[in-house]
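*Asks:* After the structure tokens below, expect a handful of questions from me.
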Amino acid sequence: MKNRRSGFAVPYVVWMALFVVIPIIIMAVYAFTTAAFDGTLENFARMGTYLSVFLRSFRLAIIATLVCLLIGYPLSYMMAKEGPRFQKIAMVLIMLPMWINFLLRTYAWMSILETNGLINQLFQRIGIIDLYNSIAIHFVSDPANYVPITHFKMIGTSGAVVLGMVYNYLPFMILPIYSVIVKLDHSLLEAARDLGANSFGVFRKVIFPLSLPGVLSGVTMVFVPSVSTFAISRLLGGGTQMLLGDLIEQQFLGGAYNPHLGAAISLVMMLVVVVCMVVMNHFGEGEEQAVML
């Protein structure tokens, strides 16, 4: 019977070996070899020239994760406090954009943020651009040579990349937090109120600590794809906001073809992400033990 149960794990083990373990081994081999497959550490030494790309990737990913947390936690909390009917409607609205292809959603934001996009057209019609010009002319050193703007530059900025990350990955922050809060034992909340805690005290001492597993799960699910994205940075960044995903793709498909360097960057990024996940999981375990005590 035990051998029969173990047999059910064979397809999973084969799948993991083919699509997880073997690719990682191949990536490690490429990372530590030259084009002639001689052992070397030169690929890792060359990554110092791309330090700005690493810093930009992690900075934008952290900003996007924090924005998702600031938006997602209140939404999850409010959803959990409402009735089942409202929760079902809210869940459909949150998941609805996920039914559309990722690239199509990003292309839609390109048409919204571009020079003649919907936002700039709206700003022109309601007079915000004219108001900006009338205010800006008083702060320039040479008002006579001031050239009024006709639109706001949105595409090709860090803000556009962060906006794309938040829009695409916000559901991954909301869902785990909501699933934890909605399952909280209400007797704990009632006990806290009976002991004299007000609404803020109940939230700070009971709800938030117990919801930390969902928060850490949401942070991980947003940060990991944000730091490795390349479609969002390419489309909304306009080619000026290169991230790690773009850099890796450039090594495999671009003119600077160097799969060994690309593999080294991928390996380092994977190790950094794994370390971040281990630290966050360790922090979550510590919080859970503190709450239990």
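To be explicit about the labels: the chains of the structure tokens are called A, B, and onward in the order shown, and within each one the residues are counted from 1, while ligands get numbers from 1 in the order they are shown.
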How would you write, as number ranges by chain, the set of residues in range 31-238 of chain A that DSSP gives as helix (DSSP H, G or I)?

*Replies:* A: 31, 42-81, 84-99, 102-113, 118-126, 128-136, 143-145, 158-181, 186-194, 199-228, 231-236

*Asks:* Pick out the residues sitting within 10 Å of range 112-118 of chain A, and hand them over as a PDB file with N, CA, C and O atoms, in the first residue's frame; count only C-alpha atoms, and ignore anything fewer than 6 positions along from it in its own chain.

*Replies:*
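Below you can see part08.pdb, which holds the result:
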ATOM      1  N   THR A 106      -1.136  45.371 -20.278  1.00  0.00           N
ATOM      2  CA  THR A 106      -0.029  46.325 -20.283  1.00  0.00           C
ATOM      3  C   THR A 106      -0.107  47.247 -21.496  1.00  0.00           C
ATOM      4  O   THR A 106       0.155  48.455 -21.397  1.00  0.00           O
ATOM      5  N   GLN A 124      -5.829  67.996 -20.863  1.00  0.00           N
ATOM      6  CA  GLN A 124      -5.947  69.125 -21.780  1.00  0.00           C
ATOM      7  C   GLN A 124      -7.353  69.715 -21.770  1.00  0.00           C
ATOM      8  O   GLN A 124      -7.535  70.931 -21.784  1.00  0.00           O
ATOM      9  N   THR A 150       2.724  70.618 -23.846  1.00  0.00           N
ATOM     10  CA  THR A 150       1.428  70.238 -24.417  1.00  0.00           C
ATOM     11  C   THR A 150       0.911  68.927 -23.836  1.00  0.00           C
ATOM     12  O   THR A 150      -0.236  68.550 -24.081  1.00  0.00           O
ATOM     13  N   HIS A 151       1.778  68.258 -23.084  1.00  0.00           N
ATOM     14  CA  HIS A 151       1.378  66.989 -22.468  1.00  0.00           C
ATOM     15  C   HIS A 151       2.362  66.662 -21.354  1.00  0.00           C
ATOM     16  O   HIS A 151       3.464  67.216 -21.296  1.00  0.00           O
ATOM     17  N   PHE A 152       1.948  65.782 -20.476  1.00  0.00           N
ATOM     18  CA  PHE A 152       2.831  65.280 -19.423  1.00  0.00           C
ATOM     19  C   PHE A 152       3.502  63.997 -19.906  1.00  0.00           C
ATOM     20  O   PHE A 152       2.863  63.142 -20.513  1.00  0.00           O
ATOM     21  N   LYS A 153       4.792  63.878 -19.630  1.00  0.00           N
ATOM     22  CA  LYS A 153       5.527  62.677 -20.007  1.00  0.00           C
ATOM     23  C   LYS A 153       5.264  61.587 -18.967  1.00  0.00           C
ATOM     24  O   LYS A 153       5.631  61.732 -17.806  1.00  0.00           O
ATOM     25  N   MET A 154       4.619  60.524 -19.403  1.00  0.00           N
ATOM     26  CA  MET A 154       4.300  59.415 -18.500  1.00  0.00           C
ATOM     27  C   MET A 154       4.982  58.122 -18.933  1.00  0.00           C
ATOM     28  O   MET A 154       5.559  57.405 -18.117  1.00  0.00           O
ATOM     29  N   ILE A 155       4.913  57.826 -20.233  1.00  0.00           N
ATOM     30  CA  ILE A 155       5.602  56.645 -20.744  1.00  0.00           C
ATOM     31  C   ILE A 155       7.115  56.862 -20.660  1.00  0.00           C
ATOM     32  O   ILE A 155       7.621  57.947 -20.944  1.00  0.00           O
ATOM     33  N   GLY A 156       7.838  55.825 -20.303  1.00  0.00           N
ATOM     34  CA  GLY A 156       9.290  55.934 -20.211  1.00  0.00           C
ATOM     35  C   GLY A 156       9.781  56.462 -18.886  1.00  0.00           C
ATOM     36  O   GLY A 156      10.911  56.934 -18.792  1.00  0.00           O
ATOM     37  N   ALA A 160       5.637  55.019 -14.408  1.00  0.00           N
ATOM     38  CA  ALA A 160       4.823  54.180 -15.288  1.00  0.00           C
ATOM     39  C   ALA A 160       5.117  52.700 -15.050  1.00  0.00           C
ATOM     40  O   ALA A 160       4.202  51.863 -15.060  1.00  0.00           O
ATOM     41  N   LEU A 236       6.126  49.934 -20.741  1.00  0.00           N
ATOM     42  CA  LEU A 236       5.810  51.177 -20.040  1.00  0.00           C
ATOM     43  C   LEU A 236       7.055  51.994 -19.730  1.00  0.00           C
ATOM     44  O   LEU A 236       6.954  53.198 -19.496  1.00  0.00           O
TER      45      LEU A 236
END

*Asks:* For Phe203 in chain A, please output as number ranges by chain all residues within 12 Å (counting only C-alpha atoms; exclusion window: fewer than 6 positions along the same chain).

*Replies:* A: 74, 77, 181, 184, 188-190, 192-193, 197, 209-211

*Asks:* Tell me which protein, DNA and RNA residues are within 10 Å of Ser266 in chain A, counting only C-alpha atoms, leaving out same-chain ones fewer than 6 positions away, and put them as a JSON list (two decimals) with all heavy atoms, in the first residue's frame.

*Replies:*
[["chain", "number", "residue", "atom", "x", "y", "z"],
["A", 24, "ILE", "N", 17.94, 24.45, -13.74],
["A", 24, "ILE", "CA", 18.83, 25.12, -12.79],
["A", 24, "ILE", "C", 20.26, 24.62, -12.95],
["A", 24, "ILE", "O", 21.22, 25.41, -12.89],
["A", 24, "ILE", "CB", 18.32, 24.91, -11.35],
["A", 24, "ILE", "CG1", 17.01, 25.66, -11.14],
["A", 24, "ILE", "CG2", 19.37, 25.39, -10.35],
["A", 24, "ILE", "CD1", 16.40, 25.46, -9.77],
["A", 27, "MET", "N", 21.68, 26.17, -16.05],
["A", 27, "MET", "CA", 21.98, 27.57, -15.80],
["A", 27, "MET", "C", 23.27, 27.72, -14.99],
["A", 27, "MET", "O", 24.11, 28.60, -15.28],
["A", 27, "MET", "CB", 20.82, 28.22, -15.05],
["A", 27, "MET", "CG", 21.03, 29.70, -14.73],
["A", 27, "MET", "SD", 19.58, 30.43, -13.94],
["A", 27, "MET", "CE", 19.53, 29.51, -12.40],
["A", 28, "ALA", "N", 23.46, 26.86, -13.99],
["A", 28, "ALA", "CA", 24.68, 26.93, -13.19],
["A", 28, "ALA", "C", 25.91, 26.59, -14.02],
["A", 28, "ALA", "O", 26.97, 27.22, -13.88],
["A", 28, "ALA", "CB", 24.56, 25.98, -11.99],
["A", 31, "ALA", "N", 26.71, 29.56, -16.10],
["A", 31, "ALA", "CA", 27.17, 30.70, -15.30],
["A", 31, "ALA", "C", 28.64, 30.58, -14.94],
["A", 31, "ALA", "O", 29.34, 31.59, -14.83],
["A", 31, "ALA", "CB", 26.32, 30.81, -14.03],
["A", 228, "SER", "N", 11.70, 40.65, -11.33],
["A", 228, "SER", "CA", 12.18, 39.90, -12.49],
["A", 228, "SER", "C", 11.39, 40.21, -13.77],
["A", 228, "SER", "O", 11.62, 39.58, -14.79],
["A", 228, "SER", "CB", 12.09, 38.40, -12.21],
["A", 228, "SER", "OG", 10.76, 38.01, -11.91],
["A", 244, "LEU", "N", 16.27, 43.89, -14.43],
["A", 244, "LEU", "CA", 17.03, 42.65, -14.53],
["A", 244, "LEU", "C", 16.44, 41.72, -15.59],
["A", 244, "LEU", "O", 17.19, 41.05, -16.32],
["A", 244, "LEU", "CB", 17.03, 41.94, -13.17],
["A", 244, "LEU", "CG", 18.01, 42.51, -12.15],
["A", 244, "LEU", "CD1", 17.80, 41.84, -10.80],
["A", 244, "LEU", "CD2", 19.44, 42.34, -12.60],
["A", 245, "GLY", "N", 15.13, 41.68, -15.69],
["A", 245, "GLY", "CA", 14.51, 40.84, -16.71],
["A", 245, "GLY", "C", 14.91, 41.26, -18.11],
["A", 245, "GLY", "O", 15.19, 40.41, -18.98],
["A", 247, "LEU", "N", 17.68, 42.87, -18.87],
["A", 247, "LEU", "CA", 19.11, 42.60, -19.01],
["A", 247, "LEU", "C", 19.35, 41.13, -19.35],
["A", 247, "LEU", "O", 20.17, 40.80, -20.21],
["A", 247, "LEU", "CB", 19.83, 42.98, -17.72],
["A", 247, "LEU", "CG", 21.34, 42.76, -17.69],
["A", 247, "LEU", "CD1", 22.02, 43.58, -18.77],
["A", 247, "LEU", "CD2", 21.90, 43.12, -16.31],
["A", 248, "ILE", "N", 18.63, 40.25, -18.68],
["A", 248, "ILE", "CA", 18.79, 38.81, -18.95],
["A", 248, "ILE", "C", 18.31, 38.48, -20.35],
["A", 248, "ILE", "O", 18.97, 37.73, -21.10],
["A", 248, "ILE", "CB", 18.01, 38.00, -17.90],
["A", 248, "ILE", "CG1", 18.64, 38.18, -16.52],
["A", 248, "ILE", "CG2", 17.98, 36.51, -18.27],
["A", 248, "ILE", "CD1", 17.84, 37.58, -15.39],
["A", 260, "HIS", "N", 26.14, 32.97, -21.18],
["A", 260, "HIS", "CA", 26.88, 32.66, -19.96],
["A", 260, "HIS", "C", 26.73, 33.79, -18.94],
["A", 260, "HIS", "O", 26.50, 33.54, -17.75],
["A", 260, "HIS", "CB", 28.35, 32.41, -20.27],
["A", 260, "HIS", "CG", 28.57, 31.24, -21.19],
["A", 260, "HIS", "ND1", 28.74, 29.95, -20.72],
["A", 260, "HIS", "CD2", 28.61, 31.16, -22.55],
["A", 260, "HIS", "CE1", 28.89, 29.14, -21.75],
["A", 260, "HIS", "NE2", 28.82, 29.84, -22.86],
["A", 272, "VAL", "N", 19.27, 35.73, -4.61],
["A", 272, "VAL", "CA", 18.83, 36.89, -3.82],
["A", 272, "VAL", "C", 17.35, 36.76, -3.48],
["A", 272, "VAL", "O", 16.92, 37.02, -2.34],
["A", 272, "VAL", "CB", 19.09, 38.19, -4.60],
["A", 272, "VAL", "CG1", 18.43, 39.38, -3.90],
["A", 272, "VAL", "CG2", 20.59, 38.43, -4.73]]

*Asks:* Would you write out, as a tab-separated table, a table of all residues in range 95-167 of chain A that have an atom no more than 12 Å from an atom of range 221-225 of chain A, listing for each the closest atom pair and the distance in Å to one decimal, considering only C-alpha atoms and ordering rows by chain and rising residue number?

*Replies:*
residue	atom	partner	partner_atom	distance
A:Val162	CA	A:Phe223	CA	11.6
A:Gly164	CA	A:Pro225	CA	11.9
A:Met165	CA	A:Val222	CA	8.4
A:Val166	CA	A:Val222	CA	8.5
A:Tyr167	CA	A:Val222	CA	10.8

*Asks:* For CA of Leu175 in chain A and CA of Met277 in chain A, quote the distance in Å rounded to one decimal.

*Replies:*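 Calculated distance between CA of Leu175 in chain A and CA of Met277 in chain A is 18.5 Å.
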
*Asks:* Which residue gives the smallest distance to Gly83 in chain A among A:Gly255, A:Asn43, A:Val182, A:Leu122, with only C-alpha atoms counted?

*Replies:* A:Val182

*Asks:* Between A:Leu243, A:Ala17, A:Ile265, A:Ala108, which is the closest to Ser52 in chain A once you count only C-alpha atoms?

*Replies:* A:Leu243

*Asks:* Counting only C-alpha atoms, which residue out of A:Ile137, A:Leu267, A:Leu69, A:Ile207 sits closest to Ile149 in chain A?

*Replies:*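 Nearest to Ile149 in chain A: A:Ile137.
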
*Asks:* Excluding Arg59 in chain A and its own-chain neighbours fewer than 2 positions away, which residues fall within 12 Å of it when counting only C-alpha atoms? Please give them as a list in words.

*Replies:*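 Near neighbours after the sequence-gap exclusion: Ser52, Val53, Phe54, Leu55, Arg56, Ser57, Ala61, Ile62, Ile63, Ala64, Thr65, Leu66, Ser158, Gly159, Val161, Val162, Phe223, Ser226, Val227, Gln241, Leu243 and Leu244 of chain A.
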
*Asks:* Write to file, as a compact mmCIF listing (two decimals), in the first residue's frame, the residues of the selection just made, with all heavy atoms.

*Replies:*
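What follows is the written file part-v6.txt:
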# COMPACT_ATOMS: atom_id res chain seq x y z
N SER A 52 23.80 49.33 -11.44
CA SER A 52 22.67 50.27 -11.49
C SER A 52 21.37 49.57 -11.87
O SER A 52 20.29 49.91 -11.38
CB SER A 52 22.96 51.40 -12.48
OG SER A 52 23.15 50.88 -13.80
N VAL A 53 21.48 48.55 -12.74
CA VAL A 53 20.28 47.80 -13.13
C VAL A 53 19.76 46.99 -11.95
O VAL A 53 18.54 46.94 -11.71
CB VAL A 53 20.59 46.87 -14.32
CG1 VAL A 53 19.36 46.07 -14.72
CG2 VAL A 53 21.09 47.68 -15.51
N PHE A 54 20.67 46.38 -11.20
CA PHE A 54 20.26 45.64 -10.01
C PHE A 54 19.57 46.56 -9.01
O PHE A 54 18.49 46.23 -8.49
CB PHE A 54 21.48 44.99 -9.35
CG PHE A 54 21.87 43.66 -9.93
CD1 PHE A 54 22.69 43.59 -11.06
CD2 PHE A 54 21.43 42.48 -9.36
CE1 PHE A 54 23.05 42.36 -11.59
CE2 PHE A 54 21.79 41.25 -9.90
CZ PHE A 54 22.60 41.19 -11.02
N LEU A 55 20.17 47.72 -8.74
CA LEU A 55 19.61 48.65 -7.78
C LEU A 55 18.25 49.17 -8.24
O LEU A 55 17.31 49.27 -7.44
CB LEU A 55 20.57 49.81 -7.54
CG LEU A 55 21.91 49.45 -6.90
CD1 LEU A 55 22.80 50.68 -6.79
CD2 LEU A 55 21.70 48.82 -5.53
N ARG A 56 18.14 49.49 -9.53
CA ARG A 56 16.86 49.98 -10.06
C ARG A 56 15.78 48.91 -9.96
O ARG A 56 14.63 49.20 -9.58
CB ARG A 56 17.02 50.43 -11.51
CG ARG A 56 15.74 51.07 -12.09
CD ARG A 56 15.88 51.38 -13.56
NE ARG A 56 17.01 52.25 -13.83
CZ ARG A 56 18.06 51.90 -14.55
NH1 ARG A 56 18.13 50.69 -15.08
NH2 ARG A 56 19.04 52.75 -14.75
N SER A 57 16.13 47.68 -10.27
CA SER A 57 15.15 46.60 -10.23
C SER A 57 14.60 46.40 -8.83
O SER A 57 13.39 46.31 -8.62
CB SER A 57 15.77 45.30 -10.74
OG SER A 57 16.20 45.43 -12.08
N ALA A 61 10.85 47.36 -7.48
CA ALA A 61 10.09 46.22 -6.96
C ALA A 61 9.65 46.48 -5.53
O ALA A 61 8.51 46.15 -5.15
CB ALA A 61 10.91 44.95 -7.06
N ILE A 62 10.53 47.06 -4.72
CA ILE A 62 10.18 47.37 -3.33
C ILE A 62 9.08 48.43 -3.27
O ILE A 62 8.12 48.33 -2.49
CB ILE A 62 11.42 47.82 -2.55
CG1 ILE A 62 12.38 46.64 -2.36
CG2 ILE A 62 11.04 48.40 -1.19
CD1 ILE A 62 13.71 47.03 -1.76
N ILE A 63 9.20 49.47 -4.12
CA ILE A 63 8.18 50.51 -4.15
C ILE A 63 6.83 49.93 -4.56
O ILE A 63 5.79 50.21 -3.94
CB ILE A 63 8.60 51.64 -5.11
CG1 ILE A 63 9.82 52.38 -4.57
CG2 ILE A 63 7.44 52.63 -5.32
CD1 ILE A 63 10.39 53.41 -5.52
N ALA A 64 6.83 49.11 -5.61
CA ALA A 64 5.57 48.51 -6.08
C ALA A 64 4.97 47.60 -5.00
O ALA A 64 3.75 47.59 -4.80
CB ALA A 64 5.82 47.71 -7.36
N THR A 65 5.82 46.86 -4.29
CA THR A 65 5.33 45.98 -3.23
C THR A 65 4.71 46.78 -2.09
O THR A 65 3.64 46.42 -1.57
CB THR A 65 6.47 45.10 -2.70
OG1 THR A 65 7.04 44.36 -3.79
CG2 THR A 65 5.97 44.13 -1.65
N LEU A 66 5.36 47.88 -1.71
CA LEU A 66 4.82 48.72 -0.64
C LEU A 66 3.50 49.36 -1.05
O LEU A 66 2.56 49.44 -0.24
CB LEU A 66 5.84 49.79 -0.25
CG LEU A 66 7.11 49.30 0.45
CD1 LEU A 66 8.07 50.45 0.69
CD2 LEU A 66 6.77 48.61 1.76
N SER A 158 9.92 55.89 -14.40
CA SER A 158 9.85 54.88 -13.34
C SER A 158 8.44 54.77 -12.79
O SER A 158 7.99 53.68 -12.41
CB SER A 158 10.82 55.25 -12.21
OG SER A 158 12.15 55.28 -12.67
N GLY A 159 7.74 55.90 -12.75
CA GLY A 159 6.36 55.88 -12.25
C GLY A 159 5.46 55.00 -13.09
O GLY A 159 4.59 54.29 -12.56
N VAL A 161 6.39 52.37 -14.83
CA VAL A 161 6.75 50.97 -14.56
C VAL A 161 6.14 50.50 -13.25
O VAL A 161 5.57 49.41 -13.16
CB VAL A 161 8.28 50.81 -14.54
CG1 VAL A 161 8.66 49.38 -14.17
CG2 VAL A 161 8.88 51.18 -15.89
N VAL A 162 6.23 51.33 -12.21
CA VAL A 162 5.65 50.97 -10.91
C VAL A 162 4.13 50.84 -11.04
O VAL A 162 3.53 49.92 -10.46
CB VAL A 162 6.02 52.02 -9.85
CG1 VAL A 162 5.24 51.77 -8.56
CG2 VAL A 162 7.52 51.99 -9.57
N PHE A 223 6.62 40.84 -4.86
CA PHE A 223 8.02 41.25 -5.02
C PHE A 223 8.75 40.39 -6.04
O PHE A 223 9.50 40.92 -6.88
CB PHE A 223 8.73 41.18 -3.66
CG PHE A 223 10.20 41.50 -3.74
CD1 PHE A 223 10.62 42.80 -3.85
CD2 PHE A 223 11.15 40.49 -3.71
CE1 PHE A 223 11.98 43.11 -3.92
CE2 PHE A 223 12.49 40.78 -3.78
CZ PHE A 223 12.90 42.08 -3.89
N SER A 226 7.83 41.19 -9.61
CA SER A 226 8.17 42.59 -9.90
C SER A 226 9.66 42.76 -10.16
O SER A 226 10.06 43.49 -11.07
CB SER A 226 7.74 43.49 -8.73
OG SER A 226 6.35 43.50 -8.57
N VAL A 227 10.49 42.09 -9.37
CA VAL A 227 11.93 42.28 -9.51
C VAL A 227 12.46 41.59 -10.77
O VAL A 227 13.55 41.92 -11.26
CB VAL A 227 12.66 41.74 -8.26
CG1 VAL A 227 12.75 40.23 -8.28
CG2 VAL A 227 14.04 42.36 -8.12
N GLN A 241 14.04 52.31 -18.86
CA GLN A 241 14.04 51.79 -17.49
C GLN A 241 14.38 50.31 -17.52
O GLN A 241 13.55 49.45 -17.26
CB GLN A 241 12.66 52.03 -16.85
CG GLN A 241 12.21 53.47 -16.83
CD GLN A 241 13.07 54.33 -15.93
OE1 GLN A 241 13.48 53.91 -14.86
NE2 GLN A 241 13.34 55.55 -16.37
N LEU A 243 15.43 46.80 -16.45
CA LEU A 243 15.45 46.03 -15.22
C LEU A 243 16.19 44.71 -15.46
O LEU A 243 16.65 44.44 -16.58
CB LEU A 243 14.03 45.77 -14.73
CG LEU A 243 13.17 47.02 -14.48
CD1 LEU A 243 11.82 46.61 -13.89
CD2 LEU A 243 13.87 48.00 -13.56
N LEU A 244 16.27 43.89 -14.43
CA LEU A 244 17.03 42.65 -14.53
C LEU A 244 16.44 41.72 -15.59
O LEU A 244 17.19 41.05 -16.32
CB LEU A 244 17.03 41.94 -13.17
CG LEU A 244 18.01 42.51 -12.15
CD1 LEU A 244 17.80 41.84 -10.80
CD2 LEU A 244 19.44 42.34 -12.60

*Asks:* Give me, as a list of chain:residue names, all polymer residues having an atom no more than 8 Å from Leu216 in chain A, counting only C-alpha atoms and skipping those fewer than 4 positions away in the same chain.

*Replies:* A:Leu212, A:Thr220, A:Met280, A:Asn281, A:Gly284

*Asks:* Take the residues that were just selected and, keeping N, CA and C atoms, output them as a short mmCIF file (atom, residue, chain, number, x, y, z; two decimals), in the first residue's frame.

*Replies:*
data_model
loop_
_atom_site.label_atom_id
_atom_site.label_comp_id
_atom_site.auth_asym_id
_atom_site.auth_seq_id
_atom_site.Cartn_x
_atom_site.Cartn_y
_atom_site.Cartn_z
N LEU A 212 -0.39 38.52 9.55
CA LEU A 212 0.96 38.62 9.00
C LEU A 212 1.34 37.49 8.04
N THR A 220 5.67 38.40 -0.88
CA THR A 220 6.49 37.51 -1.69
C THR A 220 5.94 37.38 -3.10
N MET A 280 11.85 36.48 5.00
CA MET A 280 10.46 36.84 5.27
C MET A 280 9.72 35.69 5.94
N ASN A 281 9.98 34.46 5.52
CA ASN A 281 9.33 33.31 6.15
C ASN A 281 9.78 33.16 7.60
N GLY A 284 8.02 35.70 9.58
CA GLY A 284 6.62 35.32 9.78
C GLY A 284 6.48 34.27 10.86
#

*Asks:* So which one's closest to Phe230 in chain A, A:Ala136, A:Tyr146, A:Met98, A:Leu103? Using only C-alpha atoms, please.

*Replies:*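 Distance minimum relative to Phe230 in chain A lands on A:Leu103.
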